[in-house]
$ cat final_10.cif   # mmCIF, N, CA and C atoms
data_upload
loop_
_atom_site.group_PDB
_atom_site.id
_atom_site.type_symbol
_atom_site.label_atom_id
_atom_site.label_comp_id
_atom_site.auth_asym_id
_atom_site.auth_seq_id
_atom_site.Cartn_x
_atom_site.Cartn_y
_atom_site.Cartn_z
ATOM 1 N N MET A 1 -51.742 -0.370 105.663
ATOM 2 C CA MET A 1 -50.385 -0.535 106.164
ATOM 3 C C MET A 1 -50.447 -1.148 107.556
ATOM 4 N N THR A 2 -49.632 -2.117 107.797
ATOM 5 C CA THR A 2 -49.585 -2.778 109.089
ATOM 6 C C THR A 2 -48.264 -2.472 109.769
ATOM 7 N N GLU A 3 -48.332 -2.136 111.034
ATOM 8 C CA GLU A 3 -47.146 -1.872 111.849
ATOM 9 C C GLU A 3 -46.994 -2.986 112.873
ATOM 10 N N THR A 4 -45.788 -3.272 113.235
ATOM 11 C CA THR A 4 -45.512 -4.239 114.294
ATOM 12 C C THR A 4 -45.008 -3.483 115.500
ATOM 13 N N ILE A 5 -45.635 -3.743 116.640
ATOM 14 C CA ILE A 5 -45.234 -3.104 117.890
ATOM 15 C C ILE A 5 -44.767 -4.199 118.841
ATOM 16 N N GLU A 6 -43.597 -4.011 119.404
ATOM 17 C CA GLU A 6 -43.088 -4.962 120.378
ATOM 18 C C GLU A 6 -43.407 -4.453 121.782
ATOM 19 N N ILE A 7 -43.918 -5.347 122.615
ATOM 20 C CA ILE A 7 -44.171 -5.006 124.010
ATOM 21 C C ILE A 7 -43.456 -6.018 124.886
ATOM 22 N N SER A 8 -43.158 -5.610 126.089
ATOM 23 C CA SER A 8 -42.450 -6.504 126.993
ATOM 24 C C SER A 8 -43.369 -7.637 127.430
ATOM 25 N N ASP A 9 -42.768 -8.709 127.891
ATOM 26 C CA ASP A 9 -43.550 -9.841 128.392
ATOM 27 C C ASP A 9 -44.416 -9.421 129.578
ATOM 28 N N ASP A 10 -43.873 -8.541 130.421
ATOM 29 C CA ASP A 10 -44.635 -8.065 131.585
ATOM 30 C C ASP A 10 -45.884 -7.302 131.155
ATOM 31 N N LEU A 11 -45.737 -6.430 130.159
ATOM 32 C CA LEU A 11 -46.888 -5.673 129.685
ATOM 33 C C LEU A 11 -47.898 -6.603 129.020
ATOM 34 N N ALA A 12 -47.425 -7.566 128.258
ATOM 35 C CA ALA A 12 -48.322 -8.536 127.620
ATOM 36 C C ALA A 12 -49.126 -9.297 128.677
ATOM 37 N N GLU A 13 -48.481 -9.659 129.771
ATOM 38 C CA GLU A 13 -49.185 -10.359 130.853
ATOM 39 C C GLU A 13 -50.225 -9.452 131.505
ATOM 40 N N ARG A 14 -49.871 -8.176 131.684
ATOM 41 C CA ARG A 14 -50.823 -7.230 132.272
ATOM 42 C C ARG A 14 -52.035 -7.061 131.360
ATOM 43 N N ILE A 15 -51.780 -6.899 130.069
ATOM 44 C CA ILE A 15 -52.878 -6.757 129.110
ATOM 45 C C ILE A 15 -53.726 -8.020 129.094
ATOM 46 N N ASP A 16 -53.069 -9.162 129.095
ATOM 47 C CA ASP A 16 -53.778 -10.443 129.063
ATOM 48 C C ASP A 16 -54.761 -10.563 130.225
ATOM 49 N N GLY A 17 -54.421 -9.976 131.348
ATOM 50 C CA GLY A 17 -55.301 -10.007 132.507
ATOM 51 C C GLY A 17 -56.560 -9.166 132.343
ATOM 52 N N HIS A 18 -56.573 -8.288 131.328
ATOM 53 C CA HIS A 18 -57.728 -7.416 131.093
ATOM 54 C C HIS A 18 -58.558 -7.828 129.883
ATOM 55 N N LEU A 19 -58.094 -8.826 129.158
ATOM 56 C CA LEU A 19 -58.803 -9.237 127.946
ATOM 57 C C LEU A 19 -60.134 -9.885 128.272
ATOM 58 N N GLU A 20 -61.122 -9.568 127.446
ATOM 59 C CA GLU A 20 -62.402 -10.251 127.549
ATOM 60 C C GLU A 20 -62.267 -11.591 126.834
ATOM 61 N N GLU A 21 -63.234 -12.459 127.034
ATOM 62 C CA GLU A 21 -63.195 -13.781 126.425
ATOM 63 C C GLU A 21 -63.029 -13.669 124.903
ATOM 64 N N ASP A 22 -62.082 -14.401 124.356
ATOM 65 C CA ASP A 22 -61.792 -14.447 122.911
ATOM 66 C C ASP A 22 -61.268 -13.134 122.340
ATOM 67 N N GLU A 23 -60.871 -12.181 123.170
ATOM 68 C CA GLU A 23 -60.321 -10.917 122.690
ATOM 69 C C GLU A 23 -58.808 -11.060 122.539
ATOM 70 N N THR A 24 -58.265 -10.484 121.482
ATOM 71 C CA THR A 24 -56.822 -10.536 121.265
ATOM 72 C C THR A 24 -56.175 -9.244 121.761
ATOM 73 N N ILE A 25 -54.874 -9.281 121.945
ATOM 74 C CA ILE A 25 -54.155 -8.078 122.373
ATOM 75 C C ILE A 25 -54.322 -6.946 121.349
ATOM 76 N N PRO A 26 -54.194 -7.207 120.031
ATOM 77 C CA PRO A 26 -54.426 -6.109 119.077
ATOM 78 C C PRO A 26 -55.841 -5.518 119.172
ATOM 79 N N GLU A 27 -56.834 -6.343 119.399
ATOM 80 C CA GLU A 27 -58.201 -5.840 119.562
ATOM 81 C C GLU A 27 -58.306 -4.963 120.810
ATOM 82 N N PHE A 28 -57.664 -5.399 121.889
ATOM 83 C CA PHE A 28 -57.671 -4.639 123.139
ATOM 84 C C PHE A 28 -57.012 -3.273 122.936
ATOM 85 N N ILE A 29 -55.874 -3.251 122.254
ATOM 86 C CA ILE A 29 -55.161 -2.000 122.019
ATOM 87 C C ILE A 29 -55.990 -1.078 121.129
ATOM 88 N N GLU A 30 -56.663 -1.642 120.123
ATOM 89 C CA GLU A 30 -57.532 -0.839 119.266
ATOM 90 C C GLU A 30 -58.648 -0.188 120.079
ATOM 91 N N GLU A 31 -59.206 -0.941 121.009
ATOM 92 C CA GLU A 31 -60.257 -0.396 121.877
ATOM 93 C C GLU A 31 -59.708 0.729 122.764
ATOM 94 N N LEU A 32 -58.509 0.531 123.311
ATOM 95 C CA LEU A 32 -57.895 1.576 124.135
ATOM 96 C C LEU A 32 -57.678 2.857 123.350
ATOM 97 N N VAL A 33 -57.204 2.730 122.118
ATOM 98 C CA VAL A 33 -56.968 3.913 121.290
ATOM 99 C C VAL A 33 -58.286 4.614 120.993
ATOM 100 N N SER A 34 -59.327 3.858 120.712
ATOM 101 C CA SER A 34 -60.642 4.452 120.455
ATOM 102 C C SER A 34 -61.145 5.229 121.666
ATOM 103 N N ILE A 35 -60.996 4.651 122.842
ATOM 104 C CA ILE A 35 -61.412 5.323 124.072
ATOM 105 C C ILE A 35 -60.601 6.602 124.268
ATOM 106 N N TYR A 36 -59.299 6.513 124.054
ATOM 107 C CA TYR A 36 -58.425 7.690 124.201
ATOM 108 C C TYR A 36 -58.841 8.792 123.240
ATOM 109 N N GLU A 37 -59.120 8.429 121.985
ATOM 110 C CA GLU A 37 -59.526 9.431 121.003
ATOM 111 C C GLU A 37 -60.849 10.075 121.398
ATOM 112 N N GLN A 38 -61.804 9.295 121.849
ATOM 113 C CA GLN A 38 -63.101 9.832 122.235
ATOM 114 C C GLN A 38 -62.964 10.779 123.414
ATOM 115 N N GLU A 39 -62.219 10.384 124.418
ATOM 116 C CA GLU A 39 -62.052 11.235 125.595
ATOM 117 C C GLU A 39 -61.254 12.482 125.256
ATOM 118 N N GLY A 40 -60.270 12.363 124.375
ATOM 119 C CA GLY A 40 -59.468 13.514 123.963
ATOM 120 C C GLY A 40 -60.313 14.540 123.248
ATOM 121 N N ARG A 41 -61.174 14.080 122.352
ATOM 122 C CA ARG A 41 -62.063 14.992 121.642
ATOM 123 C C ARG A 41 -63.022 15.655 122.611
ATOM 124 N N PHE A 42 -63.531 14.866 123.546
ATOM 125 C CA PHE A 42 -64.473 15.399 124.526
ATOM 126 C C PHE A 42 -63.809 16.513 125.347
ATOM 127 N N LEU A 43 -62.579 16.282 125.786
ATOM 128 C CA LEU A 43 -61.881 17.288 126.584
ATOM 129 C C LEU A 43 -61.587 18.534 125.768
ATOM 130 N N GLN A 44 -61.249 18.374 124.495
ATOM 131 C CA GLN A 44 -60.964 19.517 123.651
ATOM 132 C C GLN A 44 -62.210 20.355 123.405
ATOM 133 N N GLU A 45 -63.351 19.689 123.215
ATOM 134 C CA GLU A 45 -64.600 20.403 122.973
ATOM 135 C C GLU A 45 -65.045 21.193 124.199
ATOM 136 N N GLY A 46 -64.745 20.663 125.379
ATOM 137 C CA GLY A 46 -65.164 21.321 126.604
ATOM 138 C C GLY A 46 -64.268 22.466 127.035
ATOM 139 N N ALA A 47 -63.145 22.632 126.371
ATOM 140 C CA ALA A 47 -62.181 23.673 126.762
ATOM 141 C C ALA A 47 -62.621 25.042 126.363
#

$ encode --input "final_10.cif" --output "C-alpha cells"
Amino acid sequence: MTETIEISDDLAERIDGHLEEDETIPEFIEELVSIYEQEGRFLQEGA
C-alpha cells in the first residue's frame, strides 16, 4: 500500500538541504523513520 504525504514547500527545501547525492525525499524520510524506530526501541529497552 502506498500513501501520499503532502509537505510544505519550506519543509521540502529544508529536507533538500540534507539530502545526500542522488537521494530522494522519500528515501530520506524512510531513513529518518528507521533511525527513530531504532532509537525508540533502544530507549524502551533501557527503561

$ axis_aligned_box --input "final_10.cif" --around "region 22-32 of chain A" --padding-each-side "6 Å" --output "JSON"
{"center_x": -58.1, "center_y": -5.8, "center_z": 121.7, "size_x": 19.9, "size_y": 29.3, "size_z": 17.3}

$ select_by_dssp --input "final_10.cif" --residues "region 3-40 of chain A" --states "alpha helix (DSSP H)" --output "short mmCIF file (atom, residue, chain, number, x, y, z; two decimals) with N, CA and C atoms, in the coordinates of the input"
data_model
loop_
_atom_site.label_atom_id
_atom_site.label_comp_id
_atom_site.auth_asym_id
_atom_site.auth_seq_id
_atom_site.Cartn_x
_atom_site.Cartn_y
_atom_site.Cartn_z
N ASP A 9 -42.77 -8.71 127.89
CA ASP A 9 -43.55 -9.84 128.39
C ASP A 9 -44.42 -9.42 129.58
N ASP A 10 -43.87 -8.54 130.42
CA ASP A 10 -44.64 -8.06 131.58
C ASP A 10 -45.88 -7.30 131.16
N LEU A 11 -45.74 -6.43 130.16
CA LEU A 11 -46.89 -5.67 129.68
C LEU A 11 -47.90 -6.60 129.02
N ALA A 12 -47.42 -7.57 128.26
CA ALA A 12 -48.32 -8.54 127.62
C ALA A 12 -49.13 -9.30 128.68
N GLU A 13 -48.48 -9.66 129.77
CA GLU A 13 -49.18 -10.36 130.85
C GLU A 13 -50.22 -9.45 131.50
N ARG A 14 -49.87 -8.18 131.68
CA ARG A 14 -50.82 -7.23 132.27
C ARG A 14 -52.04 -7.06 131.36
N ILE A 15 -51.78 -6.90 130.07
CA ILE A 15 -52.88 -6.76 129.11
C ILE A 15 -53.73 -8.02 129.09
N ASP A 16 -53.07 -9.16 129.10
CA ASP A 16 -53.78 -10.44 129.06
C ASP A 16 -54.76 -10.56 130.22
N ILE A 25 -54.87 -9.28 121.94
CA ILE A 25 -54.16 -8.08 122.37
C ILE A 25 -54.32 -6.95 121.35
N PRO A 26 -54.19 -7.21 120.03
CA PRO A 26 -54.43 -6.11 119.08
C PRO A 26 -55.84 -5.52 119.17
N GLU A 27 -56.83 -6.34 119.40
CA GLU A 27 -58.20 -5.84 119.56
C GLU A 27 -58.31 -4.96 120.81
N PHE A 28 -57.66 -5.40 121.89
CA PHE A 28 -57.67 -4.64 123.14
C PHE A 28 -57.01 -3.27 122.94
N ILE A 29 -55.87 -3.25 122.25
CA ILE A 29 -55.16 -2.00 122.02
C ILE A 29 -55.99 -1.08 121.13
N GLU A 30 -56.66 -1.64 120.12
CA GLU A 30 -57.53 -0.84 119.27
C GLU A 30 -58.65 -0.19 120.08
N GLU A 31 -59.21 -0.94 121.01
CA GLU A 31 -60.26 -0.40 121.88
C GLU A 31 -59.71 0.73 122.76
N LEU A 32 -58.51 0.53 123.31
CA LEU A 32 -57.90 1.58 124.14
C LEU A 32 -57.68 2.86 123.35
N VAL A 33 -57.20 2.73 122.12
CA VAL A 33 -56.97 3.91 121.29
C VAL A 33 -58.29 4.61 120.99
N SER A 34 -59.33 3.86 120.71
CA SER A 34 -60.64 4.45 120.46
C SER A 34 -61.14 5.23 121.67
N ILE A 35 -61.00 4.65 122.84
CA ILE A 35 -61.41 5.32 124.07
C ILE A 35 -60.60 6.60 124.27
N TYR A 36 -59.30 6.51 124.05
CA TYR A 36 -58.42 7.69 124.20
C TYR A 36 -58.84 8.79 123.24
N GLU A 37 -59.12 8.43 121.98
CA GLU A 37 -59.53 9.43 121.00
C GLU A 37 -60.85 10.07 121.40
N GLN A 38 -61.80 9.30 121.85
CA GLN A 38 -63.10 9.83 122.24
C GLN A 38 -62.96 10.78 123.41
N GLU A 39 -62.22 10.38 124.42
CA GLU A 39 -62.05 11.24 125.60
C GLU A 39 -61.25 12.48 125.26
N GLY A 40 -60.27 12.36 124.38
CA GLY A 40 -59.47 13.51 123.96
C GLY A 40 -60.31 14.54 123.25
#

$ atom_distance --input "final_10.cif" --atom1 "CA of Met1 (chain A)" --atom2 "CA of Glu20 (chain A)"
26.4 Å

$ residues_around --input "final_10.cif" --residues "Ile15 (chain A)" --least-positions-apart "4" --cutoff "8 Å" --atoms "all atoms listed in the file" --output "list in words"
Asp9, Asp10, Leu11, Leu19, Glu20, Thr24, Ile25 and Phe28 of chain A

$ write_last_selection --input "final_10.cif" --atoms "N, CA and C atoms" --output "mmCIF file, in the coordinates of the input"
data_model
loop_
_atom_site.group_PDB
_atom_site.id
_atom_site.type_symbol
_atom_site.label_atom_id
_atom_site.label_comp_id
_atom_site.auth_asym_id
_atom_site.auth_seq_id
_atom_site.Cartn_x
_atom_site.Cartn_y
_atom_site.Cartn_z
ATOM 1 N N ASP A 9 -42.768 -8.709 127.891
ATOM 2 C CA ASP A 9 -43.550 -9.841 128.392
ATOM 3 C C ASP A 9 -44.416 -9.421 129.578
ATOM 4 N N ASP A 10 -43.873 -8.541 130.421
ATOM 5 C CA ASP A 10 -44.635 -8.065 131.585
ATOM 6 C C ASP A 10 -45.884 -7.302 131.155
ATOM 7 N N LEU A 11 -45.737 -6.430 130.159
ATOM 8 C CA LEU A 11 -46.888 -5.673 129.685
ATOM 9 C C LEU A 11 -47.898 -6.603 129.020
ATOM 10 N N LEU A 19 -58.094 -8.826 129.158
ATOM 11 C CA LEU A 19 -58.803 -9.237 127.946
ATOM 12 C C LEU A 19 -60.134 -9.885 128.272
ATOM 13 N N GLU A 20 -61.122 -9.568 127.446
ATOM 14 C CA GLU A 20 -62.402 -10.251 127.549
ATOM 15 C C GLU A 20 -62.267 -11.591 126.834
ATOM 16 N N THR A 24 -58.265 -10.484 121.482
ATOM 17 C CA THR A 24 -56.822 -10.536 121.265
ATOM 18 C C THR A 24 -56.175 -9.244 121.761
ATOM 19 N N ILE A 25 -54.874 -9.281 121.945
ATOM 20 C CA ILE A 25 -54.155 -8.078 122.373
ATOM 21 C C ILE A 25 -54.322 -6.946 121.349
ATOM 22 N N PHE A 28 -57.664 -5.399 121.889
ATOM 23 C CA PHE A 28 -57.671 -4.639 123.139
ATOM 24 C C PHE A 28 -57.012 -3.273 122.936
#

$ atom_distance --input "final_10.cif" --atom1 "CA of Ala12 (chain A)" --atom2 "CA of Gln38 (chain A)"
24.2 Å

$ atom_distance --input "final_10.cif" --atom1 "atom C of Glu21 (chain A)" --atom2 "atom C of Glu39 (chain A)"
26.2 Å
